[in-house]
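K.L.:
Here you go, query_6.cif (mmCIF, C-alpha atoms):
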data_coords
#
loop_
_atom_site.group_PDB
_atom_site.id
_atom_site.type_symbol
_atom_site.label_atom_id
_atom_site.label_comp_id
_atom_site.auth_asym_id
_atom_site.auth_seq_id
_atom_site.Cartn_x
_atom_site.Cartn_y
_atom_site.Cartn_z
ATOM 1 C CA MET A 1 20.723 13.182 -13.916
ATOM 2 C CA SER A 2 19.897 16.819 -13.358
ATOM 3 C CA VAL A 3 20.013 18.509 -9.959
ATOM 4 C CA GLN A 4 16.219 18.784 -10.031
ATOM 5 C CA GLU A 5 15.798 15.057 -10.735
ATOM 6 C CA ARG A 6 18.214 14.180 -7.944
ATOM 7 C CA LYS A 7 16.332 16.396 -5.489
ATOM 8 C CA GLN A 8 13.022 14.831 -6.494
ATOM 9 C CA ARG A 9 14.472 11.353 -6.026
ATOM 10 C CA GLU A 10 15.870 12.286 -2.596
ATOM 11 C CA ARG A 11 12.531 13.783 -1.589
ATOM 12 C CA ALA A 12 10.683 10.616 -2.622
ATOM 13 C CA GLU A 13 13.212 8.507 -0.680
ATOM 14 C CA ARG A 14 12.667 10.640 2.452
ATOM 15 C CA GLU A 15 8.897 10.239 2.104
ATOM 16 C CA ARG A 16 9.271 6.450 1.780
ATOM 17 C CA LEU A 17 11.502 6.457 4.865
ATOM 18 C CA ILE A 18 8.966 8.482 6.864
ATOM 19 C CA VAL A 19 6.092 6.186 5.884
ATOM 20 C CA ALA A 20 8.113 3.010 6.491
ATOM 21 C CA THR A 21 9.212 4.271 9.903
ATOM 22 C CA ALA A 22 5.660 5.239 10.829
ATOM 23 C CA ARG A 23 4.478 1.758 9.856
ATOM 24 C CA GLU A 24 7.245 0.156 11.902
ATOM 25 C CA LEU A 25 6.489 2.252 14.997
ATOM 26 C CA ALA A 26 2.744 1.701 14.685
ATOM 27 C CA ALA A 27 3.198 -2.051 14.242
ATOM 28 C CA ARG A 28 5.441 -2.286 17.282
ATOM 29 C CA ASP A 29 3.953 0.289 19.674
ATOM 30 C CA GLY A 30 0.574 1.332 18.224
ATOM 31 C CA TRP A 31 -0.447 4.501 16.453
ATOM 32 C CA ASP A 32 -0.426 6.549 19.659
ATOM 33 C CA ALA A 33 3.351 6.105 19.713
ATOM 34 C CA VAL A 34 3.708 7.617 16.242
ATOM 35 C CA THR A 35 4.439 11.287 16.730
ATOM 36 C CA THR A 36 6.177 13.706 14.406
ATOM 37 C CA ARG A 37 8.854 14.264 17.043
ATOM 38 C CA ARG A 38 9.518 10.554 17.413
ATOM 39 C CA LEU A 39 9.535 10.048 13.641
ATOM 40 C CA ALA A 40 11.963 12.935 13.156
ATOM 41 C CA GLU A 41 14.293 11.457 15.793
ATOM 42 C CA ARG A 42 14.057 7.969 14.304
ATOM 43 C CA ILE A 43 14.777 9.031 10.711
ATOM 44 C CA GLU A 44 17.405 11.548 11.862
ATOM 45 C CA TYR A 45 15.843 14.546 10.177
ATOM 46 C CA SER A 46 14.487 17.656 11.841
ATOM 47 C CA GLN A 47 10.774 18.085 12.397
ATOM 48 C CA PRO A 48 10.680 20.924 9.825
ATOM 49 C CA VAL A 49 12.027 18.484 7.206
ATOM 50 C CA LEU A 50 9.305 16.007 8.159
ATOM 51 C CA TYR A 51 6.680 18.768 7.931
ATOM 52 C CA SER A 52 7.974 19.685 4.479
ATOM 53 C CA HIS A 53 6.723 16.246 3.371
ATOM 54 C CA PHE A 54 3.614 15.767 5.512
ATOM 55 C CA ARG A 55 1.563 18.382 7.359
ATOM 56 C CA GLY A 56 1.237 16.061 10.328
ATOM 57 C CA LYS A 57 0.361 12.637 11.599
ATOM 58 C CA ARG A 58 -2.995 12.588 9.787
ATOM 59 C CA GLU A 59 -1.276 12.827 6.392
ATOM 60 C CA ILE A 60 1.221 10.159 7.400
ATOM 61 C CA ILE A 61 -1.657 7.856 8.363
ATOM 62 C CA GLY A 62 -3.199 8.615 4.970
ATOM 63 C CA ALA A 63 0.056 7.707 3.203
ATOM 64 C CA VAL A 64 0.229 4.422 5.116
ATOM 65 C CA ALA A 65 -3.411 3.741 4.207
ATOM 66 C CA LEU A 66 -2.712 4.292 0.511
ATOM 67 C CA GLU A 67 0.273 1.931 0.624
ATOM 68 C CA GLY A 68 -1.860 -0.607 2.459
ATOM 69 C CA ALA A 69 -4.645 -0.335 -0.099
ATOM 70 C CA ALA A 70 -2.190 -1.086 -2.895
ATOM 71 C CA GLU A 71 -0.817 -4.064 -0.946
ATOM 72 C CA LEU A 72 -4.314 -5.380 -0.201
ATOM 73 C CA ALA A 73 -5.321 -5.084 -3.865
ATOM 74 C CA ALA A 74 -2.212 -7.009 -4.918
ATOM 75 C CA ALA A 75 -2.798 -9.722 -2.290
ATOM 76 C CA VAL A 76 -6.453 -10.163 -3.277
ATOM 77 C CA ARG A 77 -5.654 -10.295 -6.987
ATOM 78 C CA ALA A 78 -2.813 -12.770 -6.500
ATOM 79 C CA ALA A 79 -4.860 -15.099 -4.307
ATOM 80 C CA ALA A 80 -8.030 -14.939 -6.386
ATOM 81 C CA GLY A 81 -6.109 -15.166 -9.648
ATOM 82 C CA ALA A 82 -4.492 -18.413 -8.546
ATOM 83 C CA ALA A 83 -7.865 -19.971 -7.622
ATOM 84 C CA ASP A 84 -9.641 -22.396 -9.927
ATOM 85 C CA GLY A 85 -13.314 -21.539 -10.371
ATOM 86 C CA PRO A 86 -15.699 -18.921 -8.961
ATOM 87 C CA ARG A 87 -16.240 -20.528 -5.541
ATOM 88 C CA ALA A 88 -12.518 -21.050 -4.995
ATOM 89 C CA ARG A 89 -11.896 -17.461 -6.142
ATOM 90 C CA VAL A 90 -14.285 -16.026 -3.542
ATOM 91 C CA THR A 91 -12.781 -18.244 -0.827
ATOM 92 C CA ALA A 92 -9.251 -17.183 -1.814
ATOM 93 C CA LEU A 93 -10.296 -13.526 -1.821
ATOM 94 C CA ALA A 94 -11.822 -13.818 1.667
ATOM 95 C CA ASP A 95 -8.798 -15.670 3.018
ATOM 96 C CA ALA A 96 -6.394 -13.129 1.509
ATOM 97 C CA TYR A 97 -8.387 -10.208 2.908
ATOM 98 C CA LEU A 98 -8.571 -11.667 6.414
ATOM 99 C CA ASP A 99 -4.917 -12.694 6.315
ATOM 100 C CA PHE A 100 -3.885 -9.183 5.262
ATOM 101 C CA ALA A 101 -5.878 -7.661 8.133
ATOM 102 C CA ALA A 102 -4.398 -10.104 10.659
ATOM 103 C CA ARG A 103 -0.791 -9.724 9.467
ATOM 104 C CA ASN A 104 -0.932 -5.919 9.149
ATOM 105 C CA PRO A 105 -3.081 -4.605 12.017
ATOM 106 C CA ALA A 106 -1.482 -1.144 12.133
ATOM 107 C CA VAL A 107 -1.826 -0.707 8.370
ATOM 108 C CA TYR A 108 -5.403 -2.030 8.473
ATOM 109 C CA ASP A 109 -6.193 0.517 11.201
ATOM 110 C CA ALA A 110 -4.705 3.283 9.060
ATOM 111 C CA MET A 111 -6.892 2.163 6.171
ATOM 112 C CA PHE A 112 -10.211 1.718 7.970
ATOM 113 C CA GLN A 113 -10.143 2.865 11.598
ATOM 114 C CA LEU A 114 -8.090 6.053 11.766
ATOM 115 C CA ASP A 115 -8.566 9.436 10.151
ATOM 116 C CA GLY A 116 -6.021 9.689 7.374
ATOM 117 C CA GLY A 117 -7.884 12.507 5.663
ATOM 118 C CA LEU A 118 -8.852 10.295 2.738
ATOM 119 C CA ALA A 119 -12.184 10.382 0.946
ATOM 120 C CA PHE A 120 -13.981 7.082 0.457
ATOM 121 C CA ALA A 121 -16.805 6.370 -1.973
ATOM 122 C CA SER A 122 -16.574 9.726 -3.726
ATOM 123 C CA GLU A 123 -15.052 11.328 -6.779
ATOM 124 C CA ASP A 124 -12.148 12.462 -4.573
ATOM 125 C CA THR A 125 -11.255 8.923 -3.524
ATOM 126 C CA PRO A 126 -7.541 8.365 -4.203
ATOM 127 C CA GLU A 127 -6.702 5.778 -6.873
ATOM 128 C CA PRO A 128 -5.156 3.187 -4.514
ATOM 129 C CA LEU A 129 -8.425 3.040 -2.539
ATOM 130 C CA LYS A 130 -10.459 2.776 -5.741
ATOM 131 C CA ASP A 131 -8.153 0.029 -6.957
ATOM 132 C CA ALA A 132 -8.482 -1.963 -3.713
ATOM 133 C CA PHE A 133 -12.247 -1.895 -4.122
ATOM 134 C CA ALA A 134 -11.862 -2.783 -7.811
ATOM 135 C CA ALA A 135 -9.794 -5.841 -6.811
ATOM 136 C CA LEU A 136 -12.713 -7.013 -4.685
ATOM 137 C CA LEU A 137 -15.279 -6.171 -7.356
ATOM 138 C CA GLU A 138 -13.374 -7.973 -10.131
ATOM 139 C CA ASN A 139 -13.453 -11.169 -8.145
ATOM 140 C CA LEU A 140 -16.933 -10.917 -6.644
ATOM 141 C CA ALA A 141 -19.001 -9.634 -9.566
ATOM 142 C CA ASP A 142 -19.751 -13.134 -10.853
ATOM 143 C CA ALA A 143 -20.971 -14.210 -7.420
ATOM 144 C CA ALA A 144 -23.479 -11.351 -7.193
ATOM 145 C CA GLY A 145 -26.155 -13.305 -8.968
ATOM 146 C CA GLU A 146 -28.803 -12.288 -11.421
ATOM 147 C CA GLY A 147 -30.477 -8.950 -10.762
ATOM 148 C CA VAL A 148 -27.968 -7.910 -8.090
ATOM 149 C CA GLU A 149 -25.803 -4.869 -8.749
ATOM 150 C CA PRO A 150 -22.171 -6.121 -8.445
ATOM 151 C CA GLY A 151 -20.879 -2.957 -6.755
ATOM 152 C CA LEU A 152 -23.515 -3.114 -4.046
ATOM 153 C CA PHE A 153 -22.901 -6.838 -3.591
ATOM 154 C CA THR A 154 -19.168 -6.163 -3.240
ATOM 155 C CA GLU A 155 -19.849 -3.518 -0.590
ATOM 156 C CA VAL A 156 -21.864 -6.024 1.443
ATOM 157 C CA VAL A 157 -19.214 -8.757 1.169
ATOM 158 C CA TRP A 158 -16.487 -6.238 2.014
ATOM 159 C CA SER A 159 -18.519 -5.179 5.062
ATOM 160 C CA ALA A 160 -18.803 -8.802 6.173
ATOM 161 C CA LEU A 161 -15.066 -9.363 5.748
ATOM 162 C CA HIS A 162 -14.249 -6.141 7.579
ATOM 163 C CA GLY A 163 -16.569 -7.186 10.395
ATOM 164 C CA LEU A 164 -14.911 -10.589 10.639
ATOM 165 C CA ALA A 165 -11.438 -9.034 10.625
ATOM 166 C CA THR A 166 -12.309 -6.423 13.231
ATOM 167 C CA LEU A 167 -14.272 -8.690 15.566
ATOM 168 C CA THR A 168 -11.670 -11.448 15.388
ATOM 169 C CA ARG A 169 -8.837 -9.070 16.188
ATOM 170 C CA ALA A 170 -10.763 -7.576 19.087
ATOM 171 C CA GLY A 171 -11.320 -11.038 20.546
ATOM 172 C CA ARG A 172 -15.082 -10.726 20.119
ATOM 173 C CA LEU A 173 -15.356 -13.986 18.163
ATOM 174 C CA PRO A 174 -14.236 -17.398 19.428
ATOM 175 C CA PRO A 175 -10.739 -18.217 18.152
ATOM 176 C CA GLY A 176 -10.036 -20.982 15.699
ATOM 177 C CA GLU A 177 -13.209 -20.674 13.643
ATOM 178 C CA SER A 178 -11.994 -18.349 10.895
ATOM 179 C CA ALA A 179 -11.977 -21.023 8.185
ATOM 180 C CA ARG A 180 -15.505 -22.121 9.090
ATOM 181 C CA ARG A 181 -16.725 -18.519 9.027
ATOM 182 C CA VAL A 182 -15.282 -18.022 5.546
ATOM 183 C CA GLU A 183 -16.792 -21.322 4.421
ATOM 184 C CA LEU A 184 -20.206 -20.275 5.732
ATOM 185 C CA LEU A 185 -19.950 -16.895 4.033
ATOM 186 C CA VAL A 186 -18.944 -18.453 0.727
ATOM 187 C CA ASP A 187 -21.728 -21.080 1.031
ATOM 188 C CA ARG A 188 -24.312 -18.339 1.485
ATOM 189 C CA LEU A 189 -22.885 -16.319 -1.392
ATOM 190 C CA ALA A 190 -22.949 -19.364 -3.648
ATOM 191 C CA ALA A 191 -26.539 -20.170 -2.601
ATOM 192 C CA GLY A 192 -27.725 -16.734 -3.736
#
Let me see whether you can do it: turn the structure in this file into structure tokens.

P.N.:
Amino acid sequence: MSVQERKQRERAERERLIVATARELAARDGWDAVTTRRLAERIEYSQPVLYSHFRGKREIIGAVALEGAAELAAAVRAAAGAADGPRARVTALADAYLDFAARNPAVYDAMFQLDGGLAFASEDTPEPLKDAFAALLENLADAAGEGVEPGLFTEVVWSALHGLATLTRAGRLPPGESARRVELLVDRLAAG
């Protein structure tokens, strides 16, 4: 291994450590607790080293969001891929999405609530975000129905799932009804 390859590997390892530590702090104490000073102390590197990887907290949030998007895409594909039939696939997708949001609130916030400097729904959208949407689209396209553009249909279902995830977490919906909400959503999708 050349010196250059070793340095690149070490740099990538430091970036993974920074992102993992940011996720850990955000999960435990919230995103307000994630500061560059606190991260630098926690990973035992100076702030200038941290800034050599990320220009600030916004970029770190963006890196967490990209990791989260890849994890969400994998979770949706695994759940939907194991389902038998279109209705079961949509139910599995919805359950996987809502479970991901509930189990990873800090990551979900990085993806959809906080400014990570990432472009959505544009040519500049990073690949992990495009792939997360593609994972939804792959598994919802058949449910769109005749004459309905699958991408638009996927956006609407995604919006419904995001609303359910956000309202449930905020305590705005009565607890214990998640399965019935998903069932109702899937029933209405199947009726279309």

K.L.:
Would you translate the PyMOL selection byres ((chain A and resi 52) around 12) into the concrete set of residues it matches in this file, as a PDB file with C-alpha atoms, in the coordinates of the input?

P.N.:
ATOM      1  CA  ARG A  11      12.531  13.783  -1.589  1.00  0.00           C
ATOM      2  CA  ALA A  12      10.683  10.616  -2.622  1.00  0.00           C
ATOM      3  CA  ARG A  14      12.667  10.640   2.452  1.00  0.00           C
ATOM      4  CA  GLU A  15       8.897  10.239   2.104  1.00  0.00           C
ATOM      5  CA  ILE A  18       8.966   8.482   6.864  1.00  0.00           C
ATOM      6  CA  THR A  36       6.177  13.706  14.406  1.00  0.00           C
ATOM      7  CA  ALA A  40      11.963  12.935  13.156  1.00  0.00           C
ATOM      8  CA  TYR A  45      15.843  14.546  10.177  1.00  0.00           C
ATOM      9  CA  SER A  46      14.487  17.656  11.841  1.00  0.00           C
ATOM     10  CA  GLN A  47      10.774  18.085  12.397  1.00  0.00           C
ATOM     11  CA  PRO A  48      10.680  20.924   9.825  1.00  0.00           C
ATOM     12  CA  VAL A  49      12.027  18.484   7.206  1.00  0.00           C
ATOM     13  CA  LEU A  50       9.305  16.007   8.159  1.00  0.00           C
ATOM     14  CA  TYR A  51       6.680  18.768   7.931  1.00  0.00           C
ATOM     15  CA  HIS A  53       6.723  16.246   3.371  1.00  0.00           C
ATOM     16  CA  PHE A  54       3.614  15.767   5.512  1.00  0.00           C
ATOM     17  CA  ARG A  55       1.563  18.382   7.359  1.00  0.00           C
ATOM     18  CA  GLY A  56       1.237  16.061  10.328  1.00  0.00           C
ATOM     19  CA  GLU A  59      -1.276  12.827   6.392  1.00  0.00           C
TER      20      GLU A  59
END

K.L.:
Could you work out how far CA of Ala165 (chain A) lies from CA of Asp29 (chain A), giving the answer in Å with one decimal?

P.N.:
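So the answer is 20.1 Å.
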
K.L.:
CA of Ala110 (chain A) to CA of Gly30 (chain A): how many Å, to one decimal?

P.N.:
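Here the two named atoms are 10.8 Å from each other.
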
K.L.:
What gap, in Å, lies between CA of Trp158 (chain A) and CA of Arg23 (chain A)?

P.N.:
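Interatomic distance, CA of Trp158 (chain A) to CA of Arg23 (chain A): 23.8 Å.
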
K.L.:
Could you list, as a PyMOL selection string, every residue within 10 Å of Asn104 (chain A), counting only C-alpha atoms and ignoring same-chain residues fewer than 4 positions away?

P.N.:
chain A and resi 23+27+68+72+98-100+108-110

K.L.:
Neighbours of Leu184 (chain A) within 12 Å (all atoms listed in the file; same-chain residues fewer than 6 positions away dropped), as a ChimeraX atom specification?

P.N.:
/A:87,90-91,94,160,177-178,190-191

K.L.:
Please write out, as lines of an AutoDock Vina configuration file, where the centre of an axis-aligned box around all listed atoms of region 101-112 of chain A lies and how long its edges are, in Å to one decimal, after adding 8 Å on each side.

P.N.:
center_x = -5.5
center_y = -3.4
center_z = 9.2
size_x = 25.4
size_y = 29.4
size_z = 22.0

K.L.:
What residues come out when you apply the PyMOL selection byres ((chain A and resi 155) around 12) to this file, written as a list in words?

P.N.:
Ala121, Ala132, Phe133, Ala134, Leu136, Leu137, Leu140, Ala141, Ala144, Val148, Glu149, Pro150, Gly151, Leu152, Phe153, Thr154, Val156, Val157, Trp158, Ser159, Ala160, Leu161 and His162 of chain A

K.L.:
Could you turn the residues from that selection into a file that holds C-alpha atoms, as a PDB file, keeping the file's coordinate frame?

P.N.:
ATOM      1  CA  ALA A 121     -16.805   6.370  -1.973  1.00  0.00           C
ATOM      2  CA  ALA A 132      -8.482  -1.963  -3.713  1.00  0.00           C
ATOM      3  CA  PHE A 133     -12.247  -1.895  -4.122  1.00  0.00           C
ATOM      4  CA  ALA A 134     -11.862  -2.783  -7.811  1.00  0.00           C
ATOM      5  CA  LEU A 136     -12.713  -7.013  -4.685  1.00  0.00           C
ATOM      6  CA  LEU A 137     -15.279  -6.171  -7.356  1.00  0.00           C
ATOM      7  CA  LEU A 140     -16.933 -10.917  -6.644  1.00  0.00           C
ATOM      8  CA  ALA A 141     -19.001  -9.634  -9.566  1.00  0.00           C
ATOM      9  CA  ALA A 144     -23.479 -11.351  -7.193  1.00  0.00           C
ATOM     10  CA  VAL A 148     -27.968  -7.910  -8.090  1.00  0.00           C
ATOM     11  CA  GLU A 149     -25.803  -4.869  -8.749  1.00  0.00           C
ATOM     12  CA  PRO A 150     -22.171  -6.121  -8.445  1.00  0.00           C
ATOM     13  CA  GLY A 151     -20.879  -2.957  -6.755  1.00  0.00           C
ATOM     14  CA  LEU A 152     -23.515  -3.114  -4.046  1.00  0.00           C
ATOM     15  CA  PHE A 153     -22.901  -6.838  -3.591  1.00  0.00           C
ATOM     16  CA  THR A 154     -19.168  -6.163  -3.240  1.00  0.00           C
ATOM     17  CA  VAL A 156     -21.864  -6.024   1.443  1.00  0.00           C
ATOM     18  CA  VAL A 157     -19.214  -8.757   1.169  1.00  0.00           C
ATOM     19  CA  TRP A 158     -16.487  -6.238   2.014  1.00  0.00           C
ATOM     20  CA  SER A 159     -18.519  -5.179   5.062  1.00  0.00           C
ATOM     21  CA  ALA A 160     -18.803  -8.802   6.173  1.00  0.00           C
ATOM     22  CA  LEU A 161     -15.066  -9.363   5.748  1.00  0.00           C
ATOM     23  CA  HIS A 162     -14.249  -6.141   7.579  1.00  0.00           C
TER      24      HIS A 162
END

K.L.:
Residues picked by the PyMOL selection byres ((chain A and resi 112) around 12) here, as a ChimeraX atom specification?

P.N.:
/A:61-62,64-66,68-69,101,105-111,113-120,129,158-159,162-163,165-166

K.L.:
Show me, as a list in words, the residues that have an atom within 9 Å of Gly81 (chain A) when counting all atoms listed in the file, minus same-chain residues fewer than 6 positions from it.

P.N.:
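The neighbour list is Arg89, Ala92 and Asn139 of chain A.
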
K.L.:
Rank A:Ala33, A:Ala143, A:Ala135, A:Ala26 by their smallest atom-to-atom distance to Val76 (chain A), using all atoms listed in the file, and report the top residue only.

P.N.:
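Among A:Ala33, A:Ala143, A:Ala135, A:Ala26, it is A:Ala135 that comes nearest to Val76 (chain A).
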
K.L.:
Which one is closest to Thr21 (chain A): A:Ala63, A:Ala179, A:Val3, A:Ala70? Count all atoms listed in the file.

P.N.:
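So, comparing all the options, the nearest one is A:Ala63.
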